[in-house]
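Printed here is structure11.tsv (TSV, C-alpha atoms and all ligand atoms):
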```tsv
chain	number	residue	atom	x	y	z
T	1	MET	CA	-51.29	38.15	-38.03
T	2	ASN	CA	-49.81	37.70	-41.51
T	3	ILE	CA	-47.35	39.67	-43.61
T	4	ARG	CA	-49.18	41.98	-46.01
T	5	LYS	CA	-46.38	43.99	-47.58
T	6	ILE	CA	-42.56	44.23	-47.54
T	7	SER	CA	-40.66	47.33	-48.66
T	8	VAL	CA	-36.87	47.58	-48.88
T	9	PHE	CA	-35.00	50.88	-48.87
T	10	ALA	CA	-31.32	51.45	-49.71
T	11	HIS	CA	-29.82	54.25	-47.66
T	12	GLU	CA	-26.33	55.68	-47.70
T	13	LEU	CA	-24.53	56.08	-44.38
T	14	LYS	CA	-21.65	58.52	-44.83
T	15	VAL	CA	-18.71	57.98	-42.50
T	16	VAL	CA	-18.26	60.98	-40.18
T	17	ASN	CA	-14.65	62.19	-39.96
T	18	GLY	CA	-13.96	59.46	-42.52
T	19	PRO	CA	-12.80	57.54	-44.23
T	20	TYR	CA	-12.95	54.48	-41.96
T	21	VAL	CA	-9.78	52.47	-42.44
T	22	PHE	CA	-9.62	48.79	-41.53
T	23	SER	CA	-7.72	45.71	-42.69
T	24	GLY	CA	-10.35	45.08	-45.41
T	25	GLY	CA	-10.16	48.52	-47.00
T	26	THR	CA	-11.02	52.21	-46.81
T	27	LEU	CA	-14.67	53.24	-46.58
T	28	GLY	CA	-16.19	56.69	-47.11
T	29	ALA	CA	-19.82	55.54	-47.06
T	30	LEU	CA	-21.78	52.33	-46.69
T	31	THR	CA	-25.12	51.28	-48.12
T	32	THR	CA	-27.52	50.02	-45.51
T	33	TYR	CA	-30.80	48.25	-46.29
T	34	LEU	CA	-33.91	49.07	-44.29
T	35	VAL	CA	-36.73	46.55	-44.39
T	36	LYS	CA	-40.30	47.61	-43.56
T	37	VAL	CA	-42.71	44.75	-42.90
T	38	GLU	CA	-46.43	45.56	-42.72
T	39	ALA	CA	-48.84	43.08	-41.14
T	40	ASP	CA	-52.53	42.66	-41.83
T	41	ASN	CA	-53.27	44.18	-38.38
T	42	GLY	CA	-51.95	47.49	-39.76
T	43	LEU	CA	-48.76	47.53	-37.68
T	44	ILE	CA	-45.25	47.96	-39.06
T	45	GLY	CA	-41.88	46.50	-38.10
T	46	TRP	CA	-38.44	47.73	-39.19
T	47	GLY	CA	-35.28	45.71	-39.79
T	48	GLU	CA	-31.85	46.57	-41.14
T	49	THR	CA	-28.71	44.97	-42.51
T	50	CYS	CA	-25.51	46.82	-43.44
T	51	PRO	CA	-22.53	44.76	-44.60
T	52	LEU	CA	-19.13	46.41	-43.96
T	53	GLY	CA	-18.08	46.58	-47.62
T	54	PRO	CA	-17.44	43.55	-49.82
T	55	THR	CA	-14.15	42.42	-48.28
T	56	TYR	CA	-14.81	42.16	-44.53
T	57	GLN	CA	-16.92	39.00	-44.81
T	58	PRO	CA	-18.81	37.26	-47.63
T	59	ALA	CA	-21.79	39.55	-46.78
T	60	HIS	CA	-22.03	42.50	-49.18
T	61	ALA	CA	-24.57	45.19	-50.07
T	62	LEU	CA	-25.58	43.82	-53.48
T	63	GLY	CA	-26.06	40.40	-51.89
T	64	ALA	CA	-28.38	41.95	-49.29
T	65	GLU	CA	-30.63	43.42	-51.97
T	66	ALA	CA	-30.59	40.27	-54.11
T	67	GLY	CA	-31.38	38.06	-51.13
T	68	LEU	CA	-34.34	40.22	-50.14
T	69	ARG	CA	-35.66	40.05	-53.74
T	70	GLU	CA	-35.42	36.28	-53.54
T	71	MET	CA	-37.18	35.84	-50.21
T	72	ALA	CA	-39.65	38.73	-49.78
T	73	PRO	CA	-42.32	37.47	-52.25
T	74	LYS	CA	-42.34	34.06	-50.56
T	75	LEU	CA	-43.05	35.63	-47.15
T	76	LEU	CA	-46.20	37.47	-48.23
T	77	GLY	CA	-49.34	36.07	-46.61
T	78	THR	CA	-47.35	33.96	-44.13
T	79	ALA	CA	-47.26	34.38	-40.34
T	80	ALA	CA	-45.64	37.66	-39.27
T	81	LEU	CA	-43.63	35.92	-36.54
T	82	PRO	CA	-39.85	35.43	-36.31
T	83	ARG	CA	-39.64	31.64	-36.03
T	84	PRO	CA	-42.07	30.60	-38.78
T	85	ALA	CA	-40.48	33.25	-41.03
T	86	MET	CA	-36.95	31.97	-40.33
T	87	ALA	CA	-38.05	28.40	-41.14
T	88	LEU	CA	-39.50	29.63	-44.43
T	89	MET	CA	-36.44	31.75	-45.24
T	90	ASP	CA	-34.12	28.80	-44.58
T	91	GLN	CA	-36.23	26.77	-47.02
T	92	SER	CA	-36.17	29.44	-49.70
T	93	LEU	CA	-32.49	30.51	-49.60
T	94	ASP	CA	-29.46	28.64	-48.33
T	95	GLY	CA	-27.11	30.66	-46.12
T	96	HIS	CA	-27.15	34.48	-46.43
T	97	ASN	CA	-27.86	34.94	-42.74
T	98	TYR	CA	-27.16	38.68	-42.99
T	99	VAL	CA	-30.16	39.05	-45.32
T	100	LYS	CA	-32.50	36.94	-43.18
T	101	ALA	CA	-31.47	39.01	-40.15
T	102	ALA	CA	-33.14	42.15	-41.54
T	103	ILE	CA	-36.50	40.36	-41.84
T	104	ASP	CA	-36.05	38.70	-38.43
T	105	ILE	CA	-35.35	42.03	-36.70
T	106	ALA	CA	-38.39	43.61	-38.42
T	107	LEU	CA	-40.62	40.77	-37.20
T	108	TYR	CA	-39.39	41.15	-33.60
T	109	ASP	CA	-40.14	44.88	-33.84
T	110	LEU	CA	-43.59	44.09	-35.23
T	111	LEU	CA	-44.30	41.47	-32.56
T	112	GLY	CA	-43.30	43.96	-29.89
T	113	LYS	CA	-45.65	46.60	-31.29
T	114	THR	CA	-48.46	44.06	-31.56
T	115	THR	CA	-48.08	42.90	-27.95
T	116	GLY	CA	-47.08	46.28	-26.48
T	117	GLN	CA	-43.75	44.86	-25.29
T	118	SER	CA	-40.17	45.93	-25.97
T	119	VAL	CA	-37.90	43.62	-27.97
T	120	SER	CA	-35.75	43.01	-24.88
T	121	THR	CA	-38.88	41.79	-23.07
T	122	LEU	CA	-39.64	39.43	-25.97
T	123	LEU	CA	-36.06	38.15	-25.63
T	124	GLY	CA	-36.65	37.25	-21.98
T	125	GLY	CA	-36.29	40.65	-20.35
T	126	ALA	CA	-33.63	43.31	-19.86
T	127	ILE	CA	-31.41	42.57	-16.86
T	128	ARG	CA	-30.41	46.25	-16.66
T	129	PRO	CA	-31.60	49.57	-18.11
T	130	ARG	CA	-28.29	50.48	-19.78
T	131	ILE	CA	-25.38	48.49	-21.09
T	132	PRO	CA	-21.68	49.19	-21.58
T	133	SER	CA	-20.20	49.82	-24.99
T	134	TYR	CA	-16.59	49.06	-25.76
T	135	TYR	CA	-14.32	51.34	-27.72
T	136	ALA	CA	-12.16	49.94	-30.53
T	137	ILE	CA	-8.71	51.56	-30.86
T	138	SER	CA	-7.32	51.39	-34.41
T	139	LEU	CA	-3.88	50.09	-35.26
T	140	MET	CA	-1.39	52.70	-34.09
T	141	ASP	CA	1.86	53.18	-32.16
T	142	PRO	CA	2.19	52.44	-28.40
T	143	ASP	CA	2.13	56.07	-27.13
T	144	PRO	CA	-1.03	57.23	-28.92
T	145	THR	CA	-2.69	53.93	-27.98
T	146	ALA	CA	-1.93	54.57	-24.30
T	147	GLU	CA	-3.28	58.11	-24.64
T	148	ILE	CA	-6.61	56.84	-26.00
T	149	VAL	CA	-6.81	54.20	-23.25
T	150	ARG	CA	-6.54	56.97	-20.63
T	151	GLU	CA	-9.01	59.22	-22.48
T	152	LYS	CA	-11.67	56.50	-22.87
T	153	GLN	CA	-11.27	55.49	-19.23
T	154	ARG	CA	-11.94	59.07	-18.19
T	155	GLU	CA	-15.06	59.11	-20.40
T	156	GLY	CA	-16.47	56.06	-18.59
T	157	TYR	CA	-15.69	53.05	-20.77
T	158	ILE	CA	-15.09	49.80	-18.90
T	159	ALA	CA	-13.87	47.73	-21.87
T	160	LEU	CA	-11.56	48.47	-24.79
T	161	GLN	CA	-10.57	46.57	-27.86
T	162	ILE	CA	-7.15	47.17	-29.36
T	163	LYS	CA	-6.61	46.37	-33.00
T	164	ILE	CA	-3.47	44.36	-33.70
T	165	GLY	CA	-2.16	42.41	-36.68
T	166	SER	CA	0.22	45.11	-37.94
T	167	GLY	CA	2.46	42.46	-39.50
T	168	ASP	CA	5.09	43.11	-36.80
T	169	VAL	CA	4.49	40.88	-33.77
T	170	VAL	CA	7.00	42.74	-31.60
T	171	LYS	CA	5.23	46.03	-32.31
T	172	ASP	CA	1.85	44.48	-31.57
T	173	ALA	CA	3.24	43.30	-28.22
T	174	GLU	CA	4.59	46.79	-27.45
T	175	VAL	CA	1.20	48.36	-28.24
T	176	LEU	CA	-0.58	45.91	-25.92
T	177	ARG	CA	1.95	46.48	-23.14
T	178	ALA	CA	1.49	50.25	-23.44
T	179	ALA	CA	-2.29	49.82	-23.30
T	180	TRP	CA	-2.05	47.55	-20.28
T	181	ASP	CA	0.25	49.95	-18.42
T	182	ALA	CA	-2.13	52.87	-19.14
T	183	ARG	CA	-5.27	51.09	-18.01
T	184	ALA	CA	-6.94	51.56	-14.64
T	185	PRO	CA	-8.04	48.57	-12.57
T	186	GLY	CA	-11.32	47.11	-13.80
T	187	MET	CA	-10.78	47.96	-17.47
T	188	ALA	CA	-11.09	44.83	-19.67
T	189	LEU	CA	-8.82	44.65	-22.72
T	190	ALA	CA	-9.14	42.45	-25.80
T	191	ALA	CA	-6.68	42.42	-28.70
T	192	ASP	CA	-8.42	41.97	-32.05
T	193	ALA	CA	-6.43	41.02	-35.15
T	194	ASN	CA	-9.52	40.58	-37.37
T	195	ARG	CA	-7.92	37.37	-38.77
T	196	ALA	CA	-4.70	39.11	-39.90
T	197	MET	CA	-2.19	36.88	-38.08
T	198	THR	CA	-0.77	33.45	-38.80
T	199	THR	CA	-0.80	30.72	-36.19
T	200	ALA	CA	2.97	31.19	-35.73
T	201	GLU	CA	2.58	34.94	-35.14
T	202	THR	CA	-0.26	34.32	-32.69
T	203	ILE	CA	1.83	31.89	-30.64
T	204	GLN	CA	4.80	34.30	-30.70
T	205	LEU	CA	2.62	37.21	-29.56
T	206	SER	CA	1.12	35.11	-26.77
T	207	GLN	CA	4.65	34.37	-25.54
T	208	LEU	CA	5.75	38.02	-25.75
T	209	ILE	CA	2.81	39.22	-23.61
T	210	ARG	CA	2.66	36.13	-21.42
T	211	ASP	CA	2.27	38.23	-18.25
T	212	LEU	CA	-0.63	40.35	-19.57
T	213	PRO	CA	-4.17	38.97	-19.08
T	214	ILE	CA	-5.50	40.30	-22.40
T	215	ALA	CA	-7.89	38.12	-24.44
T	216	LEU	CA	-6.92	37.49	-28.07
T	217	GLU	CA	-9.84	37.98	-30.49
T	218	GLN	CA	-9.94	36.19	-33.82
T	219	PRO	CA	-6.18	36.28	-34.51
T	220	VAL	CA	-6.33	33.80	-37.41
T	221	ARG	CA	-8.45	33.32	-40.53
T	222	THR	CA	-9.98	29.84	-40.51
T	223	MET	CA	-11.48	27.41	-38.00
T	224	GLU	CA	-8.67	24.99	-38.89
T	225	GLU	CA	-6.13	27.57	-37.73
T	226	VAL	CA	-8.19	28.22	-34.59
T	227	VAL	CA	-8.20	24.47	-33.86
T	228	SER	CA	-4.43	24.31	-34.28
T	229	LEU	CA	-3.98	27.00	-31.57
T	230	LYS	CA	-5.63	24.88	-28.90
T	231	GLY	CA	-3.27	24.33	-25.99
T	232	ARG	CA	-0.56	26.54	-27.52
T	233	LEU	CA	-1.60	29.96	-26.16
T	234	ASN	CA	-1.14	31.63	-22.79
T	235	HIS	CA	-4.27	33.70	-23.34
T	236	ALA	CA	-8.03	33.41	-23.56
T	237	LEU	CA	-9.21	33.12	-27.17
T	238	TYR	CA	-12.35	34.82	-28.48
T	239	LEU	CA	-13.88	34.08	-31.88
T	240	ASP	CA	-15.56	36.64	-34.10
T	241	GLU	CA	-15.46	36.37	-37.90
T	242	THR	CA	-15.38	32.54	-37.96
T	243	THR	CA	-18.67	32.23	-36.04
T	244	VAL	CA	-20.73	32.26	-39.23
T	245	ASP	CA	-23.71	30.31	-37.95
T	246	VAL	CA	-25.19	28.73	-34.82
T	247	ALA	CA	-23.79	25.28	-35.65
T	248	THR	CA	-20.24	26.66	-35.77
T	249	VAL	CA	-20.66	28.26	-32.35
T	250	LEU	CA	-22.02	24.97	-30.99
T	251	SER	CA	-19.00	23.14	-32.38
T	252	ALA	CA	-16.53	25.73	-31.04
T	253	PHE	CA	-17.97	25.39	-27.53
T	254	GLY	CA	-18.45	21.63	-27.75
T	255	ARG	CA	-14.86	21.05	-28.81
T	256	ASP	CA	-13.56	23.75	-26.47
T	257	TYR	CA	-11.85	25.93	-29.08
T	258	CYS	CA	-12.72	29.29	-27.55
T	259	ASP	CA	-13.34	31.15	-24.32
T	260	GLY	CA	-15.63	33.84	-25.67
T	261	LEU	CA	-17.27	35.42	-28.69
T	262	GLY	CA	-17.48	38.67	-30.59
T	263	MET	CA	-20.93	38.36	-32.15
T	264	LYS	CA	-22.63	40.25	-34.95
T	265	ILE	CA	-26.42	39.99	-34.97
T	266	THR	CA	-26.71	40.10	-38.75
T	267	ARG	CA	-23.95	37.54	-39.39
T	268	ILE	CA	-25.71	34.97	-37.19
T	269	GLY	CA	-29.12	35.60	-38.83
T	270	GLY	CA	-30.90	37.98	-36.48
T	271	LEU	CA	-32.22	38.13	-32.94
T	272	GLY	CA	-33.67	34.60	-32.79
T	273	ASN	CA	-30.36	32.94	-33.66
T	274	MET	CA	-28.48	35.41	-31.47
T	275	ALA	CA	-30.66	34.36	-28.51
T	276	ILE	CA	-29.55	30.75	-29.07
T	277	VAL	CA	-25.90	31.85	-29.08
T	278	ARG	CA	-26.47	33.99	-25.96
T	279	ASP	CA	-27.90	30.98	-24.14
T	280	MET	CA	-25.08	28.68	-25.27
T	281	ALA	CA	-22.53	31.24	-24.07
T	282	GLU	CA	-24.32	31.43	-20.72
T	283	ALA	CA	-24.36	27.62	-20.38
T	284	ARG	CA	-20.64	27.51	-21.28
T	285	ARG	CA	-19.93	30.60	-19.10
T	286	ALA	CA	-18.20	32.22	-22.06
T	287	MET	CA	-17.78	35.95	-22.60
T	288	ILE	CA	-19.89	37.50	-25.37
T	289	SER	CA	-20.31	40.83	-27.14
T	290	VAL	CA	-23.40	41.87	-29.10
T	291	ASP	CA	-22.36	44.03	-32.03
T	292	ASP	CA	-22.93	44.66	-35.61
T	293	SER	CA	-20.41	45.29	-38.35
T	294	TRP	CA	-22.10	48.58	-39.33
T	295	GLY	CA	-25.57	50.10	-39.60
T	296	GLY	CA	-27.87	52.78	-38.20
T	297	ASN	CA	-30.48	53.10	-35.46
T	298	ILE	CA	-32.43	49.92	-36.23
T	299	ILE	CA	-29.40	47.64	-35.97
T	300	ALA	CA	-28.16	49.59	-32.97
T	301	ALA	CA	-31.50	49.19	-31.17
T	302	ALA	CA	-31.53	45.46	-31.91
T	303	CYS	CA	-28.01	45.12	-30.43
T	304	VAL	CA	-28.90	47.08	-27.29
T	305	HIS	CA	-32.13	45.15	-26.61
T	306	MET	CA	-30.23	41.86	-26.97
T	307	GLY	CA	-27.21	43.09	-24.99
T	308	ALA	CA	-29.45	44.03	-22.07
T	309	THR	CA	-30.56	40.39	-21.75
T	310	VAL	CA	-26.98	39.06	-21.38
T	311	ARG	CA	-25.76	38.40	-17.84
T	312	PRO	CA	-23.48	41.31	-16.91
T	313	ASN	CA	-20.60	39.10	-15.74
T	314	LEU	CA	-20.42	37.48	-19.20
T	315	PHE	CA	-21.01	40.64	-21.24
T	316	ARG	CA	-18.10	42.19	-23.14
T	317	GLY	CA	-20.14	45.18	-24.32
T	318	THR	CA	-21.76	46.41	-27.53
T	319	TRP	CA	-19.91	48.12	-30.35
T	320	LEU	CA	-22.05	50.48	-32.43
T	321	ALA	CA	-21.30	52.39	-35.62
T	322	ALA	CA	-23.27	55.32	-34.12
T	323	PRO	CA	-20.20	57.59	-33.51
T	324	TYR	CA	-19.32	57.29	-37.23
T	325	ILE	CA	-22.81	58.16	-38.50
T	326	ASP	CA	-24.08	61.73	-38.78
T	327	HIS	CA	-27.82	61.23	-38.43
T	328	HIS	CA	-30.57	59.40	-36.58
T	329	TYR	CA	-33.46	57.73	-38.38
T	330	ASP	CA	-35.81	58.72	-35.57
T	331	PRO	CA	-36.43	62.50	-35.38
T	332	SER	CA	-37.09	62.22	-31.62
T	333	GLY	CA	-33.59	60.77	-31.12
T	334	GLY	CA	-31.83	57.52	-31.71
T	335	ILE	CA	-29.41	55.17	-30.05
T	336	GLU	CA	-26.33	56.90	-28.69
T	337	ILE	CA	-23.30	56.03	-26.60
T	338	ARG	CA	-22.98	58.40	-23.63
T	339	ASN	CA	-19.86	58.16	-21.47
T	340	GLY	CA	-19.30	54.60	-22.64
T	341	TRP	CA	-22.85	53.41	-21.89
T	342	ILE	CA	-26.03	52.99	-23.95
T	343	ASP	CA	-29.60	53.29	-22.63
T	344	VAL	CA	-32.01	50.52	-23.61
T	345	PRO	CA	-34.70	52.20	-25.75
T	346	GLU	CA	-38.16	52.45	-24.23
T	347	GLY	CA	-41.51	51.77	-25.83
T	348	PRO	CA	-42.88	48.79	-27.74
T	349	GLY	CA	-40.76	46.93	-30.29
T	350	LEU	CA	-37.30	48.33	-30.94
T	351	GLY	CA	-38.30	51.72	-29.52
T	352	VAL	CA	-37.06	53.53	-32.64
T	353	THR	CA	-39.49	54.98	-35.18
T	354	PRO	CA	-37.72	55.88	-38.42
T	355	ASP	CA	-38.66	58.91	-40.51
T	356	GLU	CA	-39.31	57.06	-43.75
T	357	THR	CA	-38.83	60.16	-45.88
T	358	LEU	CA	-35.10	59.91	-45.19
T	359	PHE	CA	-34.88	56.76	-47.27
T	360	GLY	CA	-36.51	57.88	-50.55
T	361	ALA	CA	-38.33	55.47	-52.84
T	362	PRO	CA	-38.09	51.77	-52.02
T	363	VAL	CA	-35.77	49.63	-54.17
T	364	LEU	CA	-38.17	46.72	-53.70
T	365	GLU	CA	-41.86	46.59	-52.81
T	366	VAL	CA	-43.90	43.40	-52.71
T	401	MG	MG	-13.72	41.41	-33.71
```
Render the structure in this file as structure tokens.
Amino acid sequence: MNIRKISVFAHELKVVNGPYVFSGGTLGALTTYLVKVEADNGLIGWGETCPLGPTYQPAHALGAEAGLREMAPKLLGTAALPRPAMALMDQSLDGHNYVKAAIDIALYDLLGKTTGQSVSTLLGGAIRPRIPSYYAISLMDPDPTAEIVREKQREGYIALQIKIGSGDVVKDAEVLRAAWDARAPGMALAADANRAMTTAETIQLSQLIRDLPIALEQPVRTMEEVVSLKGRLNHALYLDETTVDVATVLSAFGRDYCDGLGMKITRIGGLGNMAIVRDMAEARRAMISVDDSWGGNIIAAACVHMGATVRPNLFRGTWLAAPYIDHHYDPSGGIEIRNGWIDVPEGPGLGVTPDETLFGAPVLEV
């Protein structure tokens, strides 16, 4: 089974009830790239990559399109299988994991359709039929934060992430204390600064909330800063934005710089690389989430299939952009969060069949 044709579509995802405000900017809409891979057996696989604007990480929309232009012609006529394709992509373009991820996801979808198996089965098998999502609470004052903690608990969420890094460590501590006091037993809390804090602020915050067992997610910007925090915190440390490739995750575990991960499937290069990270996390008994920075049904389905293969006791949940997006790609329904949980899609491949007419003419066809 070889690759016969690759089409790339650019599609605008408007932010519902937007704009979406985060430390990297204000977003009213994001361009996602859908990749359609056709094999010589007549079957089709879909992949997707959607960088969260140009300032969140080095990944950006124009880079996604350029990277696909670079690699797609070289893939034609080669094996329509994730591992040979990743080896070829690594040979033809250095880095740019977020671009390779779209092809990788499409090839898993295609392999699933060819074999009649779901992507979670190809990844070793779903441990459960539905997985928890976690809700991310934006930077706000203590009282409204506590209110949202109570509301999301009532809805059924079992994990919450609270954004911190306001620039005021005392306020961040007050917000986390309010969230902790509002939580019911069994609710896991993580505090995510998205790299906004200095090492000094992180140490101060850890002292201020010494009595609260809340994990700190990616407080600082660089791996050097992460390394300098070792032994100086009272809290578990999770890494997110600095885990840019599999080797970095291996190093972080090997040198014992973190207790868990916030993972994005596209940042790490797709489902194949994510499976390696999943298995390393399991061997290290580290907590892990399976998210993406943004994107529609294809990315969401990839996250849910992968998330279902993670051992429940190590799983932090899956964050999806679905609540911020006003449409499904699949007219029969798409991936949705219901009462804090997400059903693993059924059927072969990703279990989502996009209506191609939504995407217009391809921006690239080889
Ligand atoms: Mg994070």
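Residues in contact with stretch 226-230 of chain T at up to 9 Å, not including ones fewer than 3 positions away on its chain and judged by only C-alpha atoms, are Thr199, Thr202, Ile203, Gln218, Pro219, Val220, Arg221, Thr222, Met223, Leu233, Leu237, Leu239, Ala252, Asp256, Tyr257 and Cys258 of chain T.
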- Task: Please give me, as a count of residues only, the residues lying within 10 Å of ligand MG 401 (chain T) when counting all atoms listed in the file.
- Result: 28
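Straight-line separation from atom CA of T:Tyr329 to atom CA of T:Pro354: 4.6 Å.
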- Message: My list of candidates is T:Arg69, T:Arg285, T:Arg232, T:His305. Which is closest to T:Ser206 when distances are computed with all atoms listed in the file?
- Response: T:Arg232
- Message: Taking (-22.4, 51.3, -49.0) as a centre in this file's frame and 8 Å as the limit, can you find every polymer residue with an atom that close, using only C-alpha atoms, and give them as a list in words?
- Response: Glu12, Leu13, Ala29, Leu30, Thr31, Thr32, Cys50, Pro51, Leu52, Gly53 and Ala61 of chain T
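In this structure, atom CA of T:Ala301 sits 20.8 Å away from atom CA of T:Gly156.
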How would stretch 348-365 of chain T look with N, CA, C and O atoms restored, written as a JSON list (two decimals), keeping the file's coordinate frame?
```json
[["chain", "number", "residue", "atom", "x", "y", "z"],
["T", 348, "PRO", "N", -42.71, 50.12, -27.14],
["T", 348, "PRO", "CA", -42.88, 48.79, -27.74],
["T", 348, "PRO", "C", -41.94, 48.54, -28.92],
["T", 348, "PRO", "O", -41.48, 49.48, -29.56],
["T", 349, "GLY", "N", -41.65, 47.28, -29.17],
["T", 349, "GLY", "CA", -40.76, 46.93, -30.29],
["T", 349, "GLY", "C", -39.34, 47.38, -30.03],
["T", 349, "GLY", "O", -38.84, 47.32, -28.91],
["T", 350, "LEU", "N", -38.69, 47.87, -31.08],
["T", 350, "LEU", "CA", -37.30, 48.33, -30.94],
["T", 350, "LEU", "C", -37.21, 49.67, -30.24],
["T", 350, "LEU", "O", -36.14, 50.09, -29.79],
["T", 351, "GLY", "N", -38.32, 50.41, -30.18],
["T", 351, "GLY", "CA", -38.30, 51.72, -29.52],
["T", 351, "GLY", "C", -37.71, 52.81, -30.39],
["T", 351, "GLY", "O", -37.38, 53.88, -29.91],
["T", 352, "VAL", "N", -37.57, 52.53, -31.69],
["T", 352, "VAL", "CA", -37.06, 53.53, -32.64],
["T", 352, "VAL", "C", -38.08, 53.61, -33.78],
["T", 352, "VAL", "O", -38.46, 52.58, -34.33],
["T", 353, "THR", "N", -38.52, 54.82, -34.10],
["T", 353, "THR", "CA", -39.49, 54.98, -35.18],
["T", 353, "THR", "C", -38.85, 55.80, -36.30],
["T", 353, "THR", "O", -38.71, 57.01, -36.18],
["T", 354, "PRO", "N", -38.43, 55.15, -37.38],
["T", 354, "PRO", "CA", -37.72, 55.88, -38.42],
["T", 354, "PRO", "C", -38.61, 56.86, -39.18],
["T", 354, "PRO", "O", -39.80, 56.60, -39.38],
["T", 355, "ASP", "N", -38.01, 57.98, -39.59],
["T", 355, "ASP", "CA", -38.66, 58.91, -40.51],
["T", 355, "ASP", "C", -38.40, 58.37, -41.92],
["T", 355, "ASP", "O", -37.32, 58.52, -42.47],
["T", 356, "GLU", "N", -39.46, 57.77, -42.48],
["T", 356, "GLU", "CA", -39.31, 57.06, -43.75],
["T", 356, "GLU", "C", -38.88, 57.96, -44.90],
["T", 356, "GLU", "O", -38.26, 57.50, -45.87],
["T", 357, "THR", "N", -39.17, 59.26, -44.78],
["T", 357, "THR", "CA", -38.83, 60.16, -45.88],
["T", 357, "THR", "C", -37.32, 60.28, -46.08],
["T", 357, "THR", "O", -36.85, 60.69, -47.13],
["T", 358, "LEU", "N", -36.56, 59.90, -45.06],
["T", 358, "LEU", "CA", -35.10, 59.91, -45.19],
["T", 358, "LEU", "C", -34.61, 58.92, -46.24],
["T", 358, "LEU", "O", -33.52, 59.08, -46.80],
["T", 359, "PHE", "N", -35.40, 57.89, -46.48],
["T", 359, "PHE", "CA", -34.88, 56.76, -47.27],
["T", 359, "PHE", "C", -35.24, 56.83, -48.74],
["T", 359, "PHE", "O", -34.77, 56.02, -49.53],
["T", 360, "GLY", "N", -36.12, 57.76, -49.14],
["T", 360, "GLY", "CA", -36.51, 57.88, -50.55],
["T", 360, "GLY", "C", -37.41, 56.73, -50.98],
["T", 360, "GLY", "O", -38.04, 56.07, -50.16],
["T", 361, "ALA", "N", -37.44, 56.51, -52.30],
["T", 361, "ALA", "CA", -38.33, 55.47, -52.84],
["T", 361, "ALA", "C", -37.75, 54.10, -52.55],
["T", 361, "ALA", "O", -36.53, 53.93, -52.56],
["T", 362, "PRO", "N", -38.61, 53.13, -52.28],
["T", 362, "PRO", "CA", -38.09, 51.77, -52.02],
["T", 362, "PRO", "C", -37.43, 51.16, -53.27],
["T", 362, "PRO", "O", -37.85, 51.45, -54.39],
["T", 363, "VAL", "N", -36.41, 50.33, -53.04],
["T", 363, "VAL", "CA", -35.77, 49.63, -54.17],
["T", 363, "VAL", "C", -36.52, 48.32, -54.45],
["T", 363, "VAL", "O", -36.31, 47.70, -55.50],
["T", 364, "LEU", "N", -37.37, 47.94, -53.52],
["T", 364, "LEU", "CA", -38.17, 46.72, -53.70],
["T", 364, "LEU", "C", -39.45, 46.87, -52.90],
["T", 364, "LEU", "O", -39.42, 47.36, -51.76],
["T", 365, "GLU", "N", -40.56, 46.51, -53.51],
["T", 365, "GLU", "CA", -41.86, 46.59, -52.81],
["T", 365, "GLU", "C", -42.69, 45.41, -53.27],
["T", 365, "GLU", "O", -42.94, 45.26, -54.47]]
```
